[in-house]
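Notes to accompany the following structure.
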Amino acid sequence: MTIKDALYISEQLQKKTFSFVEHLDELEKKYQYWQPKLNAFISFDIDQAMAHYQKMHQQNQVIQPFSYLPIPLKGLGQNKKDWLSTAGSKLLANQRTVNTDNFVKRIESLGMIPLGQTNIPEYGFKNITDSALYGDCKNPWNLNYYSGGSSGGAASAVAAGIFPMATASDGGGSIRIPASFCGLIGLKPTRGTMPVGPNGWRGWQGASISFALTVSMRDTESLFYQMRTSQPTAPYQAPACEWQHHQAMRQKKLKIAYCLQSPVDAFISPTAKQAVKSAVEFLAMQGHELVEIDYPVNLQELMVQYYRMNGADTAAMFDQMEKSIQRSLTIDDMEPMTWAIYQLGQAMSASKYVQSLEYWDSAANKMEELFQEYDLFLTPTTATCAPHLETAFLSPDCSKQLYQAQNLNFEQREALVYEMFIRSLAMTPYTQLANLTGQPAISLPTALSTENLPLGIQFMASKGREDLLLMIGYVFEQANRFILPSAYR
């Protein structure tokens with residue numbers, strides 16, 4: 001039985017098995033049913049999608065693999081002219097973008113039709129989606145749980161079966177975390193492979209990159225090879241290690257390192273441990289060599305450097321915003337966690353910022369040394385399944401301190417930011433490494449907890465070696481080891 005993935009939907013629309021109007025009607029019905037339950041979308045305009053489709057026909061666009069496929073855009077950092085550009089912030093609640101960015105232009109050039117924008121947390125800082133502006137985004141597997149973040153709305157839309165593919169972005173795990181929590185495939189490509197600009201070129205100094213959440217390896221592969229680019233003006237360039245796809249790669253026997261430790265010395269659920277153990281046993285039976293290793297970097301120190309980047313980039317963003325609105329920003333303009341990150345950036349010296357980026361580079365070098373010995377590095381994607389909506393991510397004392405962040409010195413602000421993320425980091429400690437090193441990583445939906453919640457396993461590879469991640473994904477998919485949402489079974 002053929003899975004009704006994005007390529008399937010596009011093919012049926014091209015064959016006119018069903019009309020675009022009929023497909024829009026079905027999407028509208030799914031939206032009306034699921035949106036009150038999930039809160040996955042911040043906008044949804046059927047008429048706009050229809051107008052886009054009619055324009056495509058008038059222009060006689062060349063038919064491509066994803067032609068006519070409606071696809072929702074993440075409501076953060078993927079701008080389309082005149083669409084909302086709120087970043088999930090009450091301060092920007094009515095802001096609309098003035099031009100379409102290069103990533104969205106590329107999506108449209110492949111024949112896809114943007115329809116709707118998906119829910120996000122404020123400025124994408126969290127691994128759940130719970131902005132004060134839009135509210136909680138819930139998980140289709142169980143509405144009492146989060147779907148993750150920051151691409152939470154995208155994950156909910158795909159997991160519910162509304163769309164088989166949704167654009168997403170990943171600055172610390174924001175594709176892979178919701179993929180793990182919602183039983184989806186989540187690829188974070190190599191730094192420098194996806195279109196960037198013209199409004200922002202560096203994306204959290206290269207840590208953040210756009211791609212998509214999917215339900216099939218063929219969708220993942222096809223989209224990656226069609227989206228991948230090399231822009232002369234982009235500050236980051238991916239190494240051309242593998243600029244041709246080779247089917248023969250799928251027969252190669254790999255040497256794979258794996259780790260069952262928490263890199264932040266926190267709890268790892270039995271589901272996460274068993275997910276990796278089962279993958280190791282399966283891959284060994286396929287003839288691959290598996291070697292258990294210690295976690296290869298000091299992630300706790302690396303996260304300190306990551307939060308410094310968050311602070312500095314946030315301070316720069318708000319500095320520009322203050323010039324635009326011609327007043328100083330206060331804590332009333334943002335959520336308390338955003339305020340604390342902002343205050344960290346305000347107190348940071350330029351030398352500390354540069355040293356942080358140099359620490360990222362040393363971690364990248366360490367990982368590339370690892371990949372000289374191993375083809376892939378396997379861990380759980382997340383240490384636990386999706387958190388309950390009533391999960392307390394902050395202690396009462398920490399919550400109070402956020403409102404006083406401006407009164408602290410730099411060291412105290414840094415300690416506060418680390419503390420405010422410590423509970424959420426414990427749940428999702430495996431994804432940030434690939435963002436800071438620039439290497440590609442993929443989450444595969446292979447595990448299910450006793451509570452019937454999904455959890456993914458993650459593979460990392462050397463820069464430019466998405467071919468290995470795609471290969472290993474196909475190995476699991478073709479052996480029927482994916483546990484996808486019910487809409488795709």
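Each chain in the structure tokens gets a letter, A, B, ..., in the order shown, and its residues are numbered from 1; ligands are numbered from 1 in order too.
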| task | Among the residues of range 44-257 of chain A, find those DSSP assigns to helix (DSSP H, G or I) from the backbone and print them as a ChimeraX atom specification. | result | /A:46-59,90-92,102-109,122-124,152-159,176-182,217-227,247-251
Can you build me a table of range 317-373 of chain A residues sitting at most 7 Å from range 401-412 of chain A, with the closest atom pair per residue and its distance in Å to one decimal, using only C-alpha atoms, sorted by chain and residue number, as CSV?
```
residue,atom,partner,partner_atom,distance
A:Pro336,CA,A:Leu402,CA,5.7
A:Met337,CA,A:Leu402,CA,6.6
A:Ala340,CA,A:Ala405,CA,5.6
A:Gln343,CA,A:Gln406,CA,5.9
A:Leu344,CA,A:Phe410,CA,6.6
A:Ala347,CA,A:Phe410,CA,5.5
A:Met348,CA,A:Phe410,CA,6.7
```
| message | I'd like the neighbourhood of range 146-158 of chain A as a PyMOL selection string, where a residue qualifies if any of its atoms comes within 8 Å (using only C-alpha atoms), though same-chain residues fewer than 2 positions away should be ignored. | response | chain A and resi 38-41+72-74+118-121+124-129+136-140+143-144+160-170+174-175+177-179+181-182+184+213-215+386-389
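The residues of range 5-90 of chain A that DSSP assigns to strand (DSSP E) on this backbone come out as A:Phe41, A:Ile42, A:Ser43, A:Pro70, A:Ile71, A:Pro72, A:Leu73, A:Lys74.
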Selection export as a compact mmCIF listing (two decimals), in the first residue's frame, atoms kept: N, CA and C atoms:
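That gives us part-v6.txt:
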```txt
# COMPACT_ATOMS: atom_id res chain seq x y z
N PHE A 41 -2.28 26.05 13.95
CA PHE A 41 -2.11 27.11 12.95
C PHE A 41 -2.35 28.49 13.54
N ILE A 42 -1.65 29.47 12.97
CA ILE A 42 -1.90 30.86 13.33
C ILE A 42 -2.59 31.60 12.18
N SER A 43 -2.60 30.99 10.99
CA SER A 43 -3.36 31.53 9.85
C SER A 43 -3.65 30.39 8.89
N PRO A 70 -0.10 21.74 -1.61
CA PRO A 70 -0.24 22.75 -0.56
C PRO A 70 0.68 22.41 0.61
N ILE A 71 1.33 23.41 1.15
CA ILE A 71 2.26 23.17 2.26
C ILE A 71 2.22 24.35 3.23
N PRO A 72 2.07 24.09 4.53
CA PRO A 72 2.07 25.19 5.49
C PRO A 72 3.49 25.66 5.79
N LEU A 73 3.64 26.95 6.02
CA LEU A 73 4.93 27.54 6.38
C LEU A 73 5.01 27.71 7.89
N LYS A 74 6.18 27.52 8.43
CA LYS A 74 6.38 27.79 9.86
C LYS A 74 6.17 29.28 10.10
```
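Residue nearest Ser443 in chain A within the list A:His52, A:Lys15, A:Lys255, A:Lys188: A:Lys188 [criterion: smallest interatomic distance, only C-alpha atoms].
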Within 7 Å of range 292-296 of chain A using only C-alpha atoms, minus same-chain residues under 4 positions, as a PDB file with C-alpha atoms, in the first residue's frame:
```
ATOM      1  CA  ALA A 257      29.133   4.900  17.137  1.00  0.00           C
ATOM      2  CA  TYR A 258      26.313   5.045  19.661  1.00  0.00           C
ATOM      3  CA  CYS A 259      25.808   6.496  23.133  1.00  0.00           C
ATOM      4  CA  GLN A 261      24.431   8.474  28.279  1.00  0.00           C
ATOM      5  CA  PRO A 263      25.219  14.470  27.980  1.00  0.00           C
TER       6      PRO A 263
END
```
| field | Residue contacts of Leu453 in chain A (7 Å, only C-alpha atoms) excluding same-chain residues fewer than 5 positions away, as a list in words | value | Trp141, Cys385 and Leu448 of chain A
Writer output for current selection, C-alpha atoms, as a PDB file, in the first residue's frame:
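Output file out_17.pdb is given in full below:
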```
ATOM      1  CA  TRP A 141      -1.151  11.367  19.627  1.00  0.00           C
ATOM      2  CA  CYS A 385       8.605  11.353  25.109  1.00  0.00           C
ATOM      3  CA  LEU A 448       6.648   3.939  21.206  1.00  0.00           C
TER       4      LEU A 448
END
```
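Shortest atom-to-atom contact with Gln355 in chain A among A:Leu254, A:Leu69, A:Met309, A:Val297: A:Met309, counting only C-alpha atoms.
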| query | With distances taken over only C-alpha atoms, which of A:Leu115, A:Thr382, A:Ser462, A:His23 is nearest to Ile268 in chain A? | reply | A:Thr382
| request: May I have the residues within 12 Å of Thr233 in chain A as a PyMOL selection string, using only C-alpha atoms and disregarding those fewer than 6 positions away in the same chain? | output: chain A and resi 192+195-198+200-202
Please produce an output containing C-alpha atoms for each residue in the selection, written as a short mmCIF file (atom, residue, chain, number, x, y, z; two decimals), in the first residue's frame.
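File out_30.cif, as written:
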```cif
data_model
loop_
_atom_site.label_atom_id
_atom_site.label_comp_id
_atom_site.auth_asym_id
_atom_site.auth_seq_id
_atom_site.Cartn_x
_atom_site.Cartn_y
_atom_site.Cartn_z
CA GLY A 192 24.93 26.18 4.41
CA PRO A 195 18.50 28.98 0.88
CA VAL A 196 18.96 31.97 3.21
CA GLY A 197 18.40 35.74 2.97
CA PRO A 198 17.70 38.40 2.00
CA GLY A 200 18.67 37.32 7.55
CA TRP A 201 21.75 35.47 6.42
CA ARG A 202 23.28 33.96 9.55
#
```
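Nearest to Leu187 in chain A of all the residues A:Met460, A:Ala441, A:Ala159, A:Ile341 is A:Ala441, counting only C-alpha atoms.
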